[in-house]
Amino acid sequence: MIVRKLLRVLPLYAVLAGLGAVMVTLQQPLAEVPEVLGVPAWVTQLVVGVLAGLLIAGAIHAVTRTVARRVAEGGGVAFLNGGILALMGALLGLVGFFILELLFTPSPWLDVVESGLIVFLTFLGFLIGYREETIFAALAGGVPALRDHPSLAVKVLDTSVIIDGRIEDLVQTGFVEGQLVIPQFVLEELQQIADSADNLRRRKGRRGLDVLRALRNNAQLDVQIVDTDFPEISAVDRKLIQLAKELDADLLTTDFNLNKVAQVEDIDVLNINKLANAVKPRFIPGEELEVEVIDRGEEIGQGVGYLDDGTMVVIENGRRFIGKTIRATVSSSLQTDAGKMLFVRPKGEVNGGWAESSSSS
């Protein structure tokens with residue numbers, strides 16, 4: 001690997017070292033260079049030229065590696081915008097150059113000012129274009145920069161939230177706004193799950209692909225699949241966190257562990273599970289509700305049921321009603337990491353029996 005890299009950059013260093021030697025030699029032919037202190041001066045001249053060429057080659061190599069890495073990470077648009085604005089800045093610098101030539105008498109100081117003006121405007125143009133990727137769209141009256149509109153914040157989706165499926169229903173309500181970003185590495189992980197030999201994982205992966213297709217077909221949503229990747233990072237969760245940092249985006253997930261790590265990294269996390277828990281109906285002791293007893297509980301005589309939103313309901317003395325829907329009175333509630341639990345008791349006897357609203361086999 002090291003030898004291959006050396007062979008790849010060796011021609012660049014060799015060519016520029018030779019070019020440096022030639023350029024220095026052209027300044028004063030070798031035959032005209034006198035001998036100094038017993039060492040031919042032309043040797044020193046060639047060494048200086050070679051070293052200058054190697055230095056320039058090293059600078060070019062470092063710059064090209066940086067540009068290539070940034071482009072691979074998805075910074076191609078930023079470099080393109082920077083190059084365009086750098087060219088515009090250079091043209092403005094040339095206009096300033098000609099104006100200064102007309103206004104002032106030529107002098108070394110004027111040359112320095114003119115050169116500095118061109119370099120400064122060129123660098124300033126590149127810096128603005130590189131940092132503001134949406135500047136041309138904003139100038140053209142198109143989509144303004146997202147960072148100027150907090151309500152249009154970018155949201156990065158992870159694999160868990162796509163497989164979960166509730167994101168599709170959530171966006172239909174209009175509560176999720178802005179640009180939804182799906183990284184290519186998340187799409188690849190989703191494809192691997194859909195191709196899994198395990199039947200359950202395969203079904204989850206295919207459902208995730210169906211949800212993703214529905215999101216992309218929604219004309220009211222701005223869904224983008226980005227090719228940005230971080231080859232030096234192997235874990236998908238770490239890649240998601242790094243991407244969210246670079247895009248200054250929120251992270252949309254249902255993964256509890258990813259949620260915790262992202263919060264440590266100071267990334268805003270939108271956890272659909274937390275949202276679901278927050279909008280669950282709140283019951284106070286004494287309220288009545290209907291619940292179907294579907295299984296036995298852990299304690300003697302207990303029955304277990306679930307509300308439509310997934311809230312677990314523990315029915316005291318409810319085991320006898322397994323398979324039936326009864327009316328019950330709330331005794332207490334308990335909030336856990338897994339969600340909220342309700343403890344209820346069957347409503348008292350009416351006309352010699354329990355108040356059953358319906359029954360099922």
# chains A, B, ... in the order shown; residues from 1 in each chain; ligands from 1
>>> residues_around(residues="Asn257 in chain A", least_positions_apart="2", cutoff="12 Å", atoms="only C-alpha atoms", output="PyMOL selection string")
chain A and resi 160+237-238+253-255+259-264+269+271
>>> select_by_dssp(residues="range 139-295 of chain A", states="strand (DSSP E)", output="PyMOL selection string")
chain A and resi 155-157+179-183+222-226+250-253+269-271+288-292+295
>>> select_by_dssp(residues="range 93-325 of chain A", states="helix (DSSP H, G or I)", output="PyMOL selection string")
chain A and resi 93-103+108-131+135-139+146-148+150-152+159-164+166-172+184-194+199-217+236-247+256-264+272-278+319-321
>>> write_last_selection(atoms="C-alpha atoms", output="CSV table (one decimal), in the first residue's frame")
chain,number,residue,atom,x,y,z
A,93,GLY,CA,-9.4,42.5,-8.4
A,94,LEU,CA,-8.3,43.0,-12.1
A,95,VAL,CA,-10.8,45.9,-12.4
A,96,GLY,CA,-9.3,47.4,-9.2
A,97,PHE,CA,-5.8,46.9,-10.7
A,98,PHE,CA,-6.6,48.9,-13.9
A,99,ILE,CA,-8.3,51.7,-11.8
A,100,LEU,CA,-5.2,52.0,-9.6
A,101,GLU,CA,-3.0,52.0,-12.7
A,102,LEU,CA,-4.9,55.0,-14.1
A,103,LEU,CA,-5.0,56.9,-10.8
A,108,PRO,CA,6.9,49.1,-6.3
A,109,TRP,CA,4.4,49.9,-3.6
A,110,LEU,CA,1.6,50.2,-6.1
A,111,ASP,CA,2.5,46.8,-7.5
A,112,VAL,CA,2.3,45.3,-3.9
A,113,VAL,CA,-1.2,46.9,-3.4
A,114,GLU,CA,-2.5,45.7,-6.7
A,115,SER,CA,-1.3,42.2,-6.2
A,116,GLY,CA,-2.6,42.1,-2.6
A,117,LEU,CA,-6.0,43.4,-3.9
A,118,ILE,CA,-6.3,40.6,-6.4
A,119,VAL,CA,-5.2,37.9,-4.0
A,120,PHE,CA,-7.5,39.2,-1.2
A,121,LEU,CA,-10.7,39.3,-3.4
A,122,THR,CA,-9.9,35.9,-4.9
A,123,PHE,CA,-9.5,34.3,-1.5
A,124,LEU,CA,-12.6,36.2,-0.1
A,125,GLY,CA,-14.7,34.9,-3.0
A,126,PHE,CA,-13.6,31.3,-2.5
A,127,LEU,CA,-14.3,31.5,1.2
A,128,ILE,CA,-17.8,32.9,0.8
A,129,GLY,CA,-18.7,30.4,-1.9
A,130,TYR,CA,-17.3,27.4,0.1
A,131,ARG,CA,-19.1,28.2,3.3
A,135,ILE,CA,-25.7,31.3,-2.0
A,136,PHE,CA,-26.6,31.1,-5.7
A,137,ALA,CA,-30.1,29.8,-4.9
A,138,ALA,CA,-30.6,32.6,-2.4
A,139,LEU,CA,-29.3,35.3,-4.9
A,146,LEU,CA,-31.8,26.6,5.6
A,147,ARG,CA,-29.8,28.0,8.5
A,148,ASP,CA,-31.6,31.3,8.2
A,150,PRO,CA,-35.0,27.3,11.9
A,151,SER,CA,-38.4,25.9,10.9
A,152,LEU,CA,-36.7,24.4,7.8
A,159,THR,CA,-32.4,3.1,9.8
A,160,SER,CA,-34.5,2.5,12.9
A,161,VAL,CA,-36.9,5.4,12.2
A,162,ILE,CA,-37.4,4.3,8.6
A,163,ILE,CA,-38.1,0.6,9.6
A,164,ASP,CA,-40.4,1.8,12.4
A,166,ARG,CA,-44.5,5.9,12.0
A,167,ILE,CA,-42.5,8.6,10.3
A,168,GLU,CA,-44.7,8.2,7.2
A,169,ASP,CA,-47.8,9.0,9.2
A,170,LEU,CA,-46.1,11.7,11.1
A,171,VAL,CA,-45.1,13.7,8.0
A,172,GLN,CA,-48.7,13.5,6.7
A,184,GLN,CA,-26.4,6.4,1.3
A,185,PHE,CA,-24.9,4.2,4.0
A,186,VAL,CA,-28.3,4.0,5.8
A,187,LEU,CA,-29.9,3.0,2.5
A,188,GLU,CA,-27.2,0.3,2.1
A,189,GLU,CA,-27.8,-1.0,5.7
A,190,LEU,CA,-31.6,-1.1,4.9
A,191,GLN,CA,-30.9,-3.1,1.8
A,192,GLN,CA,-28.8,-5.6,3.7
A,193,ILE,CA,-31.6,-6.0,6.3
A,194,ALA,CA,-34.1,-6.6,3.5
A,199,ASN,CA,-37.4,-13.9,8.0
A,200,LEU,CA,-38.3,-11.2,10.6
A,201,ARG,CA,-35.3,-9.0,9.7
A,202,ARG,CA,-36.1,-9.4,6.0
A,203,ARG,CA,-39.7,-8.3,6.6
A,204,LYS,CA,-38.6,-5.3,8.6
A,205,GLY,CA,-36.1,-4.3,5.9
A,206,ARG,CA,-38.7,-4.5,3.1
A,207,ARG,CA,-41.2,-2.5,5.2
A,208,GLY,CA,-38.4,0.2,5.6
A,209,LEU,CA,-37.9,0.3,1.8
A,210,ASP,CA,-41.6,0.7,1.3
A,211,VAL,CA,-41.7,3.6,3.8
A,212,LEU,CA,-38.7,5.2,2.1
A,213,ARG,CA,-40.4,4.9,-1.3
A,214,ALA,CA,-43.6,6.5,0.1
A,215,LEU,CA,-41.6,9.4,1.6
A,216,ARG,CA,-39.7,10.0,-1.7
A,217,ASN,CA,-43.0,9.9,-3.7
A,236,VAL,CA,-23.2,3.5,11.1
A,237,ASP,CA,-24.2,5.4,14.3
A,238,ARG,CA,-20.9,7.3,14.4
A,239,LYS,CA,-21.3,8.1,10.7
A,240,LEU,CA,-24.8,9.5,11.4
A,241,ILE,CA,-23.5,11.7,14.3
A,242,GLN,CA,-20.6,13.0,12.1
A,243,LEU,CA,-23.0,13.8,9.2
A,244,ALA,CA,-25.4,15.6,11.6
A,245,LYS,CA,-22.5,17.7,12.8
A,246,GLU,CA,-21.4,18.6,9.3
A,247,LEU,CA,-24.9,19.5,8.1
A,256,PHE,CA,-32.5,4.7,22.5
A,257,ASN,CA,-28.7,4.3,22.6
A,258,LEU,CA,-28.1,6.5,19.5
A,259,ASN,CA,-30.3,9.1,21.2
A,260,LYS,CA,-28.1,9.1,24.3
A,261,VAL,CA,-24.8,9.3,22.4
A,262,ALA,CA,-26.1,12.1,20.1
A,263,GLN,CA,-27.1,14.2,23.1
A,264,VAL,CA,-23.6,13.8,24.5
A,272,ILE,CA,-40.5,9.4,17.8
A,273,ASN,CA,-40.8,7.1,20.9
A,274,LYS,CA,-40.6,10.1,23.2
A,275,LEU,CA,-43.1,12.0,21.0
A,276,ALA,CA,-45.5,9.0,21.2
A,277,ASN,CA,-45.2,8.9,25.0
A,278,ALA,CA,-45.7,12.6,25.2
A,319,ARG,CA,-57.6,-12.8,34.7
A,320,ARG,CA,-61.2,-14.2,34.6
A,321,PHE,CA,-62.0,-11.8,31.8
>>> atom_distance(atom1="CA of Glu299 in chain A", atom2="CA of Gly286 in chain A")
22.3 Å
>>> atom_distance(atom1="CA of Val223 in chain A", atom2="CA of Leu85 in chain A")
28.2 Å
>>> closest_residue(among="A:Leu289, A:Leu252, A:Ala52, A:Ile60", to="Leu342 in chain A", atoms="only C-alpha atoms")
A:Leu289
>>> atom_distance(atom1="CA of Gln302 in chain A", atom2="CA of Pro346 in chain A")
10.9 Å
